[in-house]
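> The following block contains the structure, expressed as structure tokens.
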There are 2 protein chains.
Amino acid sequence: MTVAECAAALRAADDVLLLTHARPDGDTLGSAAALCAALRRLGKRAALYPNPEITESYRVLTAPYLGDGTETFTVSVDVAGETLFPRGFQGAVALAIDHHPGNTGFAAQTLLCAEKASCGEIVMEVIETLCGDLTAEEANLLYAAVSTDCGCFCYANTTAETLRAAAYLLDCGADNHRLNKLLFRACRLSRLKLEGMIFSDLRSRHDGKINIAVVTQEMMARAGATEDDCDDLASLAGKVAGNVVAITVRELAPGRSRASVRTDGSVDANAVCARFGGGGHKMASGCTAALAPEALAEQICAAVEEQMT
Amino acid sequence: MTVAECAAALRAADDVLLLTHARPDGDTLGSAAALCAALRRLGKRAALYPNPEITESYRVLTAPYLGDGTETFTVSVDVAGETLFPRGFQGAVALAIDHHPGNTGFAAQTLLCAEKASCGEIVMEVIETLCGDLTAEEANLLYAAVSTDCGCFCYANTTAETLRAAAYLLDCGADNHRLNKLLFRACRLSRLKLEGMIFSDLRSRHDGKINIAVVTQEMMARAGATEDDCDDLASLAGKVAGNVVAITVRELAPGRSRASVRTDGSVDANAVCARFGGGGHKMASGCTAALAPEALAEQICAAVEEQMT
């Protein structure tokens with residue numbers, strides 16, 4: 001469906017429940033909350049499903065929009081498939097707004113714009129069509145959506161259109177200073193300590209092309225870190241200049257570890273992880289093995305080096 | 001002078017020497033190199049003064065534009081005052097292009113746009129006026145200028161205009177994927193190790209409002225770090241969520257340390273540092289003392305706490 005058709009469907013609806021995806025990020029939460037604010041502005045009853053996995057930074061942004069999940073017209077926002085939302089809503093989604101190329105088409109109607117870097121850019125157009133403008137509050141929520149999905153305009157998915165969408169949100173009153181600080185600059189002390197331990201212990205091999213990060217349970221304890229502090233640890237080793245393959249191994253329990261392998265595409269991460277019973281994609285794969293983290297790291301590194309020589 | 005007048009002055013010139021500032025950053029180098037490329041496109045002789053302090057990431061971008069410093073029409077780019085360029089050019093700058101509000105007016109003519117987040121945004125307009133368009137190479141150099149001065153669109157100086165300028169540079173062919181990786185993602189292993197040690201050893205006081213980073217010579221040695229790895233270390237402690245005052249103390253020699261104090265404005269960093277014979281601004285000050293780093297950190301922290309209670 002088109003943006004205009006999506007806006008018409010929302011205009012016809014009243015009691016709107018907005019679903020966000022599992023392990024919710026800024027895009028799903030910001031987009032859903034902005035749409036919720038706009039629907040309420042039109043006098044409708046609307047709320048976000050109370051996703052139990054909302055993390056600290058996003059709790060403050062989404063709090064005014066969380067409901068009890070009893071609204072009847074169900075709209076999913078930034079959700080690629082039915083496994084990503086709670087049981088009970090399968091087959092029950094009236095409208096999906098999404099930018100994932102792999103959206104499974106689970107909803108009765110879908111507005112899919114796969115070329116957009118964020119779902120926020122789509123919802124921005126939907127709200128403009130619905131209401132004719134954006135409030136500063138909606139602009140703030142959409143800025144959170146747009147900026148987090150492209151790593152504050154640093155990731156490869158950032159396009160000229162993404163930057164123009166963000167510029168327009170600033171025109172509408174989005175406070176990028178406050179939001180950038182909240183979303184990108186501020187970090188829990190436990191996360192910083194854990195990152196610190198990982199970086200200070202990073203091993204660089206093969207002329208700096210392979211970089212290995214090991215995260216033990218002892219490090220987690222020493223940093224006072226919990227699962228909340230472990231987002232995207234697999235990307236850290238790849239920050240080394242000249243990196244080709246980043247290997248991150250996390251100790252799950254004594255003698256049991258999980259590895260994540262990220263490559264620039266010249267090494268097949270899937271082939272490496274398949275040797276340990278795992279897999280994934282060519283540039284990002286994982287596996288779990290009954291090994292201590294150091295041992296798994298060495299074996300993965302050896303498998304990577306075989307491909308590099 | 002206006003952008004049009006600046007373009008006219010450059011059109012009338014031929015043998016152009018472009019001066020960048022001391023400890024050159026992406027804005028001074030990217031802006032000067034882009035302008036150099038545009039002037040050469042018009043058939044002029046033009047080159048950058050071979051600034052000896054160009055760091056690794058920028059060497060690759062600027063290499064084709066570095067000359068021997070013999071050109072005769074001298075233009076400074078992103079330079080606020082005459083103390084920031086080499087001896088011999090004082091009183092000899094024909095044209096200054098700058099965005100620093102404190103530009104001292106040292107040049108015969110000055111194009112000053114203090115409202116711009118980066119000098120790159122001004123040079124973009126100058127090149128458009130001079131040549132009618134931007135090449136992909138010029139767009140790449142200007143993207144480096146614009147994006148580094150606003151921390152990849154994350155710092156408080158990022159405006160809607162900054163984002164639109166970047167969008168336009170992408171339209172003109174700037175490869176933001178490659179440049180973001182070079183300028184923001186990739187990091188020397190020694191820098192990552194040093195950051196890692198600083199973060200893993202960070203001390204949080206006063207309910208997380210004061211955060212203290214200590215950098216000893218032993219840490220520098222253990223990380224294999226040099227002065228090149230020490231850019232902006234004073235900003236690291238401020239990344240802790242809820243931080244109000246970030247104190248960074250660096251050991252200069254045994255028994256001699258330098259402290260940097262950054263605050264959100266509620267604590268007067270200048271007053272704190274003045275007690276140790278230093279000073280600066282309310283939100284960012286420094287001082288040097290004949291003390292071991294731990295001792296100086298404790299004394300600064302005590303002075304900060306006096307203001308907070």
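Here's how to read the names in the structure tokens: chain A, B, ... by the order shown, residue numbers from 1 in each chain, ligand numbers from 1 in the order shown.
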I'd like the neighbourhood of Glu161 of chain A as a PDB file with N, CA, C and O atoms, in the first residue's frame, where a residue qualifies if any of its atoms comes within 12 Å (using only C-alpha atoms), though same-chain residues fewer than 2 positions away should be ignored.

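File around11.pdb, as written:
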```pdb
ATOM      1  N   GLU A 115      13.684   0.790   0.865  1.00  0.00           N
ATOM      2  CA  GLU A 115      14.839   1.636   0.539  1.00  0.00           C
ATOM      3  C   GLU A 115      15.164   2.625   1.656  1.00  0.00           C
ATOM      4  O   GLU A 115      16.211   3.288   1.617  1.00  0.00           O
ATOM      5  N   LYS A 116      14.289   2.723   2.656  1.00  0.00           N
ATOM      6  CA  LYS A 116      14.533   3.691   3.743  1.00  0.00           C
ATOM      7  C   LYS A 116      15.495   3.117   4.780  1.00  0.00           C
ATOM      8  O   LYS A 116      15.387   1.941   5.144  1.00  0.00           O
ATOM      9  N   ALA A 117      16.388   3.959   5.282  1.00  0.00           N
ATOM     10  CA  ALA A 117      17.341   3.523   6.303  1.00  0.00           C
ATOM     11  C   ALA A 117      16.639   3.219   7.618  1.00  0.00           C
ATOM     12  O   ALA A 117      17.102   2.391   8.398  1.00  0.00           O
ATOM     13  N   SER A 118      15.505   3.882   7.855  1.00  0.00           N
ATOM     14  CA  SER A 118      14.794   3.672   9.118  1.00  0.00           C
ATOM     15  C   SER A 118      13.296   3.666   8.868  1.00  0.00           C
ATOM     16  O   SER A 118      12.806   4.248   7.898  1.00  0.00           O
ATOM     17  N   GLY A 120      11.406   5.169  10.852  1.00  0.00           N
ATOM     18  CA  GLY A 120      11.041   6.531  11.237  1.00  0.00           C
ATOM     19  C   GLY A 120      10.800   7.440  10.042  1.00  0.00           C
ATOM     20  O   GLY A 120       9.919   8.307  10.065  1.00  0.00           O
ATOM     21  N   GLU A 121      11.580   7.242   8.974  1.00  0.00           N
ATOM     22  CA  GLU A 121      11.407   8.080   7.777  1.00  0.00           C
ATOM     23  C   GLU A 121      10.049   7.814   7.126  1.00  0.00           C
ATOM     24  O   GLU A 121       9.440   8.715   6.547  1.00  0.00           O
ATOM     25  N   ILE A 122       9.575   6.562   7.218  1.00  0.00           N
ATOM     26  CA  ILE A 122       8.260   6.227   6.643  1.00  0.00           C
ATOM     27  C   ILE A 122       7.155   6.838   7.512  1.00  0.00           C
ATOM     28  O   ILE A 122       6.220   7.472   7.008  1.00  0.00           O
ATOM     29  N   VAL A 146      15.100   7.679  13.588  1.00  0.00           N
ATOM     30  CA  VAL A 146      15.967   7.826  12.411  1.00  0.00           C
ATOM     31  C   VAL A 146      17.441   7.737  12.808  1.00  0.00           C
ATOM     32  O   VAL A 146      18.235   7.019  12.187  1.00  0.00           O
ATOM     33  N   CYS A 150      20.740   4.465  12.105  1.00  0.00           N
ATOM     34  CA  CYS A 150      21.925   4.673  11.257  1.00  0.00           C
ATOM     35  C   CYS A 150      23.131   5.071  12.113  1.00  0.00           C
ATOM     36  O   CYS A 150      24.089   5.644  11.604  1.00  0.00           O
ATOM     37  N   PHE A 153      23.996   8.622  11.946  1.00  0.00           N
ATOM     38  CA  PHE A 153      24.421   8.998  10.584  1.00  0.00           C
ATOM     39  C   PHE A 153      25.821   8.515  10.231  1.00  0.00           C
ATOM     40  O   PHE A 153      26.445   9.021   9.310  1.00  0.00           O
ATOM     41  N   ASN A 157      24.177   2.581   5.983  1.00  0.00           N
ATOM     42  CA  ASN A 157      22.809   2.761   5.454  1.00  0.00           C
ATOM     43  C   ASN A 157      22.374   4.230   5.396  1.00  0.00           C
ATOM     44  O   ASN A 157      21.285   4.535   4.911  1.00  0.00           O
ATOM     45  N   THR A 158      23.206   5.130   5.893  1.00  0.00           N
ATOM     46  CA  THR A 158      22.853   6.556   5.891  1.00  0.00           C
ATOM     47  C   THR A 158      22.872   7.117   4.468  1.00  0.00           C
ATOM     48  O   THR A 158      23.907   7.072   3.801  1.00  0.00           O
ATOM     49  N   THR A 159      21.745   7.619   4.011  1.00  0.00           N
ATOM     50  CA  THR A 159      21.662   8.194   2.672  1.00  0.00           C
ATOM     51  C   THR A 159      21.414   9.703   2.779  1.00  0.00           C
ATOM     52  O   THR A 159      21.162  10.226   3.873  1.00  0.00           O
ATOM     53  N   LEU A 163      19.652  12.025   5.920  1.00  0.00           N
ATOM     54  CA  LEU A 163      20.153  13.295   6.454  1.00  0.00           C
ATOM     55  C   LEU A 163      19.117  14.406   6.269  1.00  0.00           C
ATOM     56  O   LEU A 163      18.922  15.235   7.165  1.00  0.00           O
ATOM     57  N   ARG A 164      18.419  14.398   5.127  1.00  0.00           N
ATOM     58  CA  ARG A 164      17.394  15.428   4.910  1.00  0.00           C
ATOM     59  C   ARG A 164      16.200  15.217   5.834  1.00  0.00           C
ATOM     60  O   ARG A 164      15.589  16.178   6.307  1.00  0.00           O
ATOM     61  N   ALA A 165      15.844  13.952   6.084  1.00  0.00           N
ATOM     62  CA  ALA A 165      14.752  13.673   7.022  1.00  0.00           C
ATOM     63  C   ALA A 165      15.113  14.217   8.400  1.00  0.00           C
ATOM     64  O   ALA A 165      14.305  14.880   9.059  1.00  0.00           O
ATOM     65  N   ALA A 166      16.353  13.977   8.822  1.00  0.00           N
ATOM     66  CA  ALA A 166      16.789  14.464  10.134  1.00  0.00           C
ATOM     67  C   ALA A 166      16.780  15.988  10.168  1.00  0.00           C
ATOM     68  O   ALA A 166      16.378  16.601  11.170  1.00  0.00           O
ATOM     69  N   ALA A 167      17.218  16.623   9.080  1.00  0.00           N
ATOM     70  CA  ALA A 167      17.223  18.092   9.014  1.00  0.00           C
ATOM     71  C   ALA A 167      15.792  18.610   9.172  1.00  0.00           C
ATOM     72  O   ALA A 167      15.540  19.565   9.926  1.00  0.00           O
ATOM     73  N   TYR A 168      14.849  17.968   8.504  1.00  0.00           N
ATOM     74  CA  TYR A 168      13.454  18.385   8.601  1.00  0.00           C
ATOM     75  C   TYR A 168      12.924  18.209  10.034  1.00  0.00           C
ATOM     76  O   TYR A 168      12.191  19.059  10.548  1.00  0.00           O
TER      77      TYR A 168
ATOM     78  N   LEU B 163      23.151  19.164   8.371  1.00  0.00           N
ATOM     79  CA  LEU B 163      22.647  17.894   7.831  1.00  0.00           C
ATOM     80  C   LEU B 163      22.303  18.040   6.351  1.00  0.00           C
ATOM     81  O   LEU B 163      22.571  17.144   5.545  1.00  0.00           O
ATOM     82  N   ARG B 164      21.725  19.196   5.980  1.00  0.00           N
ATOM     83  CA  ARG B 164      21.383  19.404   4.562  1.00  0.00           C
ATOM     84  C   ARG B 164      22.643  19.568   3.712  1.00  0.00           C
ATOM     85  O   ARG B 164      22.690  19.104   2.579  1.00  0.00           O
ATOM     86  N   ALA B 165      23.663  20.213   4.265  1.00  0.00           N
ATOM     87  CA  ALA B 165      24.923  20.334   3.526  1.00  0.00           C
ATOM     88  C   ALA B 165      25.497  18.945   3.268  1.00  0.00           C
ATOM     89  O   ALA B 165      25.923  18.626   2.153  1.00  0.00           O
ATOM     90  N   ALA B 166      25.474  18.093   4.297  1.00  0.00           N
ATOM     91  CA  ALA B 166      25.999  16.725   4.142  1.00  0.00           C
ATOM     92  C   ALA B 166      25.173  15.951   3.115  1.00  0.00           C
ATOM     93  O   ALA B 166      25.721  15.211   2.290  1.00  0.00           O
ATOM     94  N   ALA B 167      23.854  16.122   3.143  1.00  0.00           N
ATOM     95  CA  ALA B 167      22.986  15.435   2.172  1.00  0.00           C
ATOM     96  C   ALA B 167      23.363  15.862   0.758  1.00  0.00           C
ATOM     97  O   ALA B 167      23.472  15.031  -0.156  1.00  0.00           O
ATOM     98  N   TYR B 168      23.587  17.163   0.580  1.00  0.00           N
ATOM     99  CA  TYR B 168      23.955  17.675  -0.737  1.00  0.00           C
ATOM    100  C   TYR B 168      25.308  17.094  -1.185  1.00  0.00           C
ATOM    101  O   TYR B 168      25.492  16.727  -2.354  1.00  0.00           O
ATOM    102  N   LEU B 169      26.251  16.969  -0.247  1.00  0.00           N
ATOM    103  CA  LEU B 169      27.556  16.392  -0.585  1.00  0.00           C
ATOM    104  C   LEU B 169      27.416  14.935  -1.027  1.00  0.00           C
ATOM    105  O   LEU B 169      28.099  14.480  -1.948  1.00  0.00           O
ATOM    106  N   LEU B 170      26.498  14.204  -0.393  1.00  0.00           N
ATOM    107  CA  LEU B 170      26.225  12.824  -0.838  1.00  0.00           C
ATOM    108  C   LEU B 170      25.624  12.833  -2.244  1.00  0.00           C
ATOM    109  O   LEU B 170      25.998  12.018  -3.092  1.00  0.00           O
ATOM    110  N   ASP B 171      24.714  13.759  -2.501  1.00  0.00           N
ATOM    111  CA  ASP B 171      24.156  13.899  -3.861  1.00  0.00           C
ATOM    112  C   ASP B 171      25.279  14.106  -4.885  1.00  0.00           C
ATOM    113  O   ASP B 171      25.195  13.622  -6.017  1.00  0.00           O
TER     114      ASP B 171
END
```
> What residues in segment 53-238 of chain B get the DSSP label strand (DSSP E or B)? Please answer as a list of chain:residue names.
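Strand (DSSP E or B) members of segment 53-238 of chain B, listed: B:Leu66, B:Phe73, B:Thr74, B:Val75, B:Ser76, B:Val77, B:Leu95, B:Ala96, B:Ile97, B:Asp98, B:Gln109, B:Thr110, B:Leu111, B:Leu112, B:Cys187, B:Arg203, B:Ser204, B:Arg205, B:Ile210, B:Asn211, B:Ile212, B:Ala213, B:Val214, B:Val215.
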> As number ranges by chain, which residues of segment 42-160 of chain A does DSSP assign to helix (DSSP H, G or I)?
A: 56-65, 82-84, 119-131, 136-149, 160
> Can you check which residues of chain B have any atom within 7 Å of chain A? Use only C-alpha atoms and format it as a short mmCIF file (atom, residue, chain, number, x, y, z; two decimals) with all heavy atoms, in the first residue's frame.

```cif
data_model
loop_
_atom_site.label_atom_id
_atom_site.label_comp_id
_atom_site.auth_asym_id
_atom_site.auth_seq_id
_atom_site.Cartn_x
_atom_site.Cartn_y
_atom_site.Cartn_z
N CYS B 152 30.51 13.59 13.43
CA CYS B 152 29.56 12.79 12.64
C CYS B 152 28.11 13.11 13.04
O CYS B 152 27.32 12.21 13.25
CB CYS B 152 29.86 11.29 12.74
SG CYS B 152 29.21 10.37 11.31
N PHE B 153 27.81 14.41 13.13
CA PHE B 153 26.44 14.90 13.34
C PHE B 153 25.91 14.60 14.74
O PHE B 153 24.71 14.62 14.98
CB PHE B 153 25.50 14.35 12.25
CG PHE B 153 26.10 14.47 10.89
CD1 PHE B 153 26.64 13.37 10.25
CD2 PHE B 153 26.20 15.71 10.29
CE1 PHE B 153 27.28 13.51 9.01
CE2 PHE B 153 26.82 15.86 9.05
CZ PHE B 153 27.36 14.75 8.41
N CYS B 154 26.84 14.35 15.67
CA CYS B 154 26.43 14.00 17.04
C CYS B 154 26.62 15.17 18.01
O CYS B 154 25.94 15.25 19.02
CB CYS B 154 27.24 12.78 17.49
SG CYS B 154 26.54 11.96 18.93
N TYR B 155 27.53 16.09 17.72
CA TYR B 155 27.79 17.19 18.66
C TYR B 155 26.67 18.23 18.61
O TYR B 155 25.89 18.30 17.67
CB TYR B 155 29.11 17.89 18.34
CG TYR B 155 30.34 17.05 18.50
CD1 TYR B 155 31.55 17.47 17.95
CD2 TYR B 155 30.34 15.86 19.21
CE1 TYR B 155 32.71 16.72 18.08
CE2 TYR B 155 31.50 15.11 19.34
CZ TYR B 155 32.68 15.54 18.78
OH TYR B 155 33.84 14.80 18.90
N ALA B 156 26.67 19.08 19.65
CA ALA B 156 25.62 20.08 19.82
C ALA B 156 25.63 21.14 18.72
O ALA B 156 24.63 21.83 18.51
CB ALA B 156 25.76 20.74 21.18
N ALA B 160 20.22 21.83 11.32
CA ALA B 160 19.52 21.32 10.14
C ALA B 160 20.33 21.65 8.89
O ALA B 160 20.43 20.84 7.96
CB ALA B 160 18.13 21.93 10.07
N GLU B 161 20.96 22.81 8.91
CA GLU B 161 21.76 23.23 7.76
C GLU B 161 22.98 22.32 7.57
O GLU B 161 23.35 22.00 6.44
CB GLU B 161 22.21 24.69 7.97
CG GLU B 161 22.53 25.40 6.69
CD GLU B 161 23.04 26.82 6.94
OE1 GLU B 161 23.01 27.28 8.10
OE2 GLU B 161 23.47 27.45 5.97
N LEU B 163 23.15 19.16 8.37
CA LEU B 163 22.65 17.89 7.83
C LEU B 163 22.30 18.04 6.35
O LEU B 163 22.57 17.14 5.55
CB LEU B 163 21.43 17.43 8.64
CG LEU B 163 21.73 17.01 10.09
CD1 LEU B 163 20.46 17.01 10.94
CD2 LEU B 163 22.38 15.63 10.13
N ARG B 164 21.73 19.20 5.98
CA ARG B 164 21.38 19.40 4.56
C ARG B 164 22.64 19.57 3.71
O ARG B 164 22.69 19.10 2.58
CB ARG B 164 20.48 20.63 4.40
CG ARG B 164 19.07 20.37 4.88
CD ARG B 164 18.03 21.33 4.28
NE ARG B 164 16.72 20.90 4.74
CZ ARG B 164 16.14 21.34 5.85
NH1 ARG B 164 16.72 22.26 6.59
NH2 ARG B 164 14.96 20.86 6.21
N ALA B 167 23.85 16.12 3.14
CA ALA B 167 22.99 15.44 2.17
C ALA B 167 23.36 15.86 0.76
O ALA B 167 23.47 15.03 -0.16
CB ALA B 167 21.52 15.76 2.46
N TYR B 168 23.59 17.16 0.58
CA TYR B 168 23.95 17.68 -0.74
C TYR B 168 25.31 17.09 -1.18
O TYR B 168 25.49 16.73 -2.35
CB TYR B 168 23.99 19.21 -0.71
CG TYR B 168 24.39 19.79 -2.03
CD1 TYR B 168 23.55 19.68 -3.15
CD2 TYR B 168 25.61 20.43 -2.19
CE1 TYR B 168 23.93 20.20 -4.38
CE2 TYR B 168 25.99 20.96 -3.40
CZ TYR B 168 25.15 20.84 -4.50
OH TYR B 168 25.53 21.33 -5.71
N LEU B 170 26.50 14.20 -0.39
CA LEU B 170 26.22 12.82 -0.84
C LEU B 170 25.62 12.83 -2.24
O LEU B 170 26.00 12.02 -3.09
CB LEU B 170 25.27 12.12 0.14
CG LEU B 170 25.95 11.28 1.23
CD1 LEU B 170 26.94 12.06 2.04
CD2 LEU B 170 24.91 10.65 2.14
N ASP B 171 24.71 13.76 -2.50
CA ASP B 171 24.16 13.90 -3.86
C ASP B 171 25.28 14.11 -4.89
O ASP B 171 25.19 13.62 -6.02
CB ASP B 171 23.23 15.13 -3.96
CG ASP B 171 21.95 14.98 -3.16
OD1 ASP B 171 21.59 13.83 -2.82
OD2 ASP B 171 21.31 16.01 -2.88
N HIS B 177 30.15 6.20 3.36
CA HIS B 177 30.45 4.89 3.93
C HIS B 177 31.96 4.78 4.18
O HIS B 177 32.41 4.53 5.30
CB HIS B 177 29.95 3.81 2.96
CG HIS B 177 30.15 2.41 3.47
ND1 HIS B 177 29.89 1.30 2.72
CD2 HIS B 177 30.61 1.95 4.64
CE1 HIS B 177 30.17 0.22 3.42
NE2 HIS B 177 30.60 0.59 4.59
N ASN B 180 33.22 7.65 6.71
CA ASN B 180 32.85 7.45 8.11
C ASN B 180 33.71 6.37 8.74
O ASN B 180 34.10 6.46 9.90
CB ASN B 180 31.37 7.07 8.24
CG ASN B 180 30.44 8.23 7.95
OD1 ASN B 180 30.88 9.37 7.89
ND2 ASN B 180 29.17 7.95 7.75
N ARG B 185 35.11 5.30 12.60
CA ARG B 185 35.02 3.94 13.11
C ARG B 185 36.41 3.36 13.40
O ARG B 185 36.62 2.75 14.44
CB ARG B 185 34.30 3.03 12.10
CG ARG B 185 32.84 3.38 11.88
CD ARG B 185 31.89 2.68 12.84
NE ARG B 185 32.15 1.26 12.90
CZ ARG B 185 31.80 0.48 13.92
NH1 ARG B 185 31.17 0.99 14.95
NH2 ARG B 185 32.06 -0.81 13.91
N ALA B 186 37.32 3.55 12.44
CA ALA B 186 38.63 2.92 12.60
C ALA B 186 39.47 3.67 13.62
O ALA B 186 39.47 4.89 13.68
CB ALA B 186 39.34 2.87 11.26
N CYS B 187 40.20 2.93 14.41
CA CYS B 187 40.94 3.50 15.54
C CYS B 187 42.22 2.68 15.70
O CYS B 187 42.19 1.46 15.54
CB CYS B 187 40.03 3.35 16.77
SG CYS B 187 40.32 4.52 18.05
N ARG B 188 43.34 3.33 15.97
CA ARG B 188 44.58 2.58 16.19
C ARG B 188 44.41 1.66 17.39
O ARG B 188 43.76 2.02 18.38
CB ARG B 188 45.72 3.55 16.46
CG ARG B 188 46.21 4.29 15.24
CD ARG B 188 46.87 5.60 15.61
NE ARG B 188 47.94 5.43 16.57
CZ ARG B 188 49.23 5.67 16.30
NH1 ARG B 188 49.60 6.07 15.11
NH2 ARG B 188 50.15 5.52 17.23
N LEU B 189 45.02 0.47 17.30
CA LEU B 189 44.92 -0.49 18.40
C LEU B 189 45.43 0.13 19.70
O LEU B 189 44.85 -0.05 20.76
CB LEU B 189 45.70 -1.76 18.05
CG LEU B 189 45.66 -2.87 19.09
CD1 LEU B 189 44.24 -3.42 19.25
CD2 LEU B 189 46.60 -4.02 18.72
N LEU B 192 42.78 2.31 21.19
CA LEU B 192 41.71 1.51 21.78
C LEU B 192 42.16 0.89 23.10
O LEU B 192 41.39 0.85 24.07
CB LEU B 192 41.28 0.40 20.80
CG LEU B 192 40.44 0.87 19.62
CD1 LEU B 192 40.20 -0.29 18.67
CD2 LEU B 192 39.09 1.43 20.08
N LYS B 193 43.41 0.42 23.14
CA LYS B 193 43.92 -0.17 24.39
C LYS B 193 44.00 0.88 25.49
O LYS B 193 43.64 0.63 26.63
CB LYS B 193 45.30 -0.80 24.15
CG LYS B 193 45.21 -2.05 23.30
CD LYS B 193 46.39 -2.98 23.54
CE LYS B 193 46.11 -4.31 22.89
NZ LYS B 193 46.67 -5.45 23.58
N LEU B 194 44.48 2.07 25.13
CA LEU B 194 44.59 3.14 26.12
C LEU B 194 43.19 3.53 26.63
O LEU B 194 42.96 3.62 27.84
CB LEU B 194 45.30 4.36 25.52
CG LEU B 194 45.55 5.52 26.48
CD1 LEU B 194 46.47 5.08 27.62
CD2 LEU B 194 46.14 6.72 25.76
N GLU B 195 42.24 3.73 25.72
CA GLU B 195 40.86 4.02 26.12
C GLU B 195 40.33 2.91 27.02
O GLU B 195 39.65 3.16 28.01
CB GLU B 195 39.95 4.12 24.89
CG GLU B 195 39.88 5.49 24.28
CD GLU B 195 38.74 5.62 23.26
OE1 GLU B 195 37.74 4.90 23.35
OE2 GLU B 195 38.89 6.46 22.34
N GLY B 196 40.64 1.68 26.63
CA GLY B 196 40.18 0.53 27.40
C GLY B 196 40.68 0.59 28.83
O GLY B 196 39.92 0.39 29.78
N MET B 197 41.96 0.89 28.98
CA MET B 197 42.54 0.97 30.33
C MET B 197 41.90 2.11 31.13
O MET B 197 41.63 1.98 32.32
CB MET B 197 44.05 1.19 30.24
CG MET B 197 44.78 -0.03 29.74
SD MET B 197 46.53 0.33 29.46
CE MET B 197 46.93 -1.05 28.39
N ILE B 198 41.67 3.23 30.45
CA ILE B 198 41.07 4.38 31.13
C ILE B 198 39.65 4.03 31.59
O ILE B 198 39.28 4.27 32.74
CB ILE B 198 41.05 5.61 30.19
CG1 ILE B 198 42.49 6.08 29.93
CG2 ILE B 198 40.19 6.73 30.76
CD1 ILE B 198 42.62 7.13 28.83
N PHE B 199 38.86 3.43 30.71
CA PHE B 199 37.48 3.10 31.07
C PHE B 199 37.41 2.01 32.14
O PHE B 199 36.59 2.09 33.05
CB PHE B 199 36.68 2.68 29.85
CG PHE B 199 36.21 3.84 29.01
CD1 PHE B 199 36.41 3.85 27.64
CD2 PHE B 199 35.55 4.90 29.59
CE1 PHE B 199 35.98 4.91 26.86
CE2 PHE B 199 35.11 5.98 28.82
CZ PHE B 199 35.33 5.98 27.46
N SER B 200 38.28 1.00 32.03
CA SER B 200 38.15 -0.09 33.00
C SER B 200 38.57 0.37 34.39
O SER B 200 38.21 -0.23 35.38
CB SER B 200 38.92 -1.33 32.53
OG SER B 200 40.27 -1.03 32.34
N LYS B 239 31.48 10.49 29.36
CA LYS B 239 30.53 9.60 28.69
C LYS B 239 29.62 8.84 29.66
O LYS B 239 28.62 8.26 29.26
CB LYS B 239 31.28 8.58 27.82
CG LYS B 239 31.85 9.18 26.56
CD LYS B 239 32.53 8.15 25.70
CE LYS B 239 31.55 7.42 24.79
NZ LYS B 239 32.25 6.58 23.79
N VAL B 240 29.99 8.83 30.95
CA VAL B 240 29.17 8.11 31.92
C VAL B 240 27.81 8.78 32.05
O VAL B 240 27.72 10.00 32.24
CB VAL B 240 29.86 8.07 33.30
CG1 VAL B 240 28.98 7.35 34.32
CG2 VAL B 240 31.21 7.41 33.20
N ALA B 241 26.74 7.99 31.95
CA ALA B 241 25.38 8.53 32.08
C ALA B 241 25.24 9.22 33.43
O ALA B 241 25.63 8.67 34.46
CB ALA B 241 24.37 7.40 31.95
#
```
> Using only C-alpha atoms, which of the listed residues (B:Glu227, B:Asp264, B:Glu251, B:Asp15) sits closest to Ala295 of chain B?
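Closest to Ala295 of chain B of all the choices is B:Glu251.
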> Give the answer as one residue: which of A:Ala213, A:Leu130, A:Ala80, A:Met308 has the shortest atom-to-atom distance to Ala12 of chain A, using only C-alpha atoms?
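So, comparing all the options, the nearest one is A:Leu130.
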> I'd like the neighbourhood of Asp68 of chain B as a list in words, where a residue qualifies if any of its atoms comes within 10 Å (using only C-alpha atoms), though same-chain residues fewer than 2 positions away should be ignored.
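Here the qualifying residues turn out to be Leu17, Ala47, Leu48, Tyr49, Pro50, Asn51, Leu66, Thr70 and Glu71 of chain B.
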> Figure out the distance between atom CA of Asp231 of chain A and atom CA of Thr263 of chain A, please, to one decimal in Å.
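Here the two named atoms are 18.5 Å from each other.
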> Restricting the calculation to only C-alpha atoms: of B:Gly132, B:Gly102, B:Gly30, B:Gly43, which residue gets closest to Gly81 of chain B?
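Going through B:Gly132, B:Gly102, B:Gly30, B:Gly43 one by one, the smallest distance to Gly81 of chain B is for B:Gly102.
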> Fewer than 2 positions away in the same chain doesn't count, so skip those; otherwise give me all residues within 10 Å of Pro64 of chain A, counting only C-alpha atoms, as a ChimeraX atom specification.
/A:33,36-37,47-48,59-62,66-67
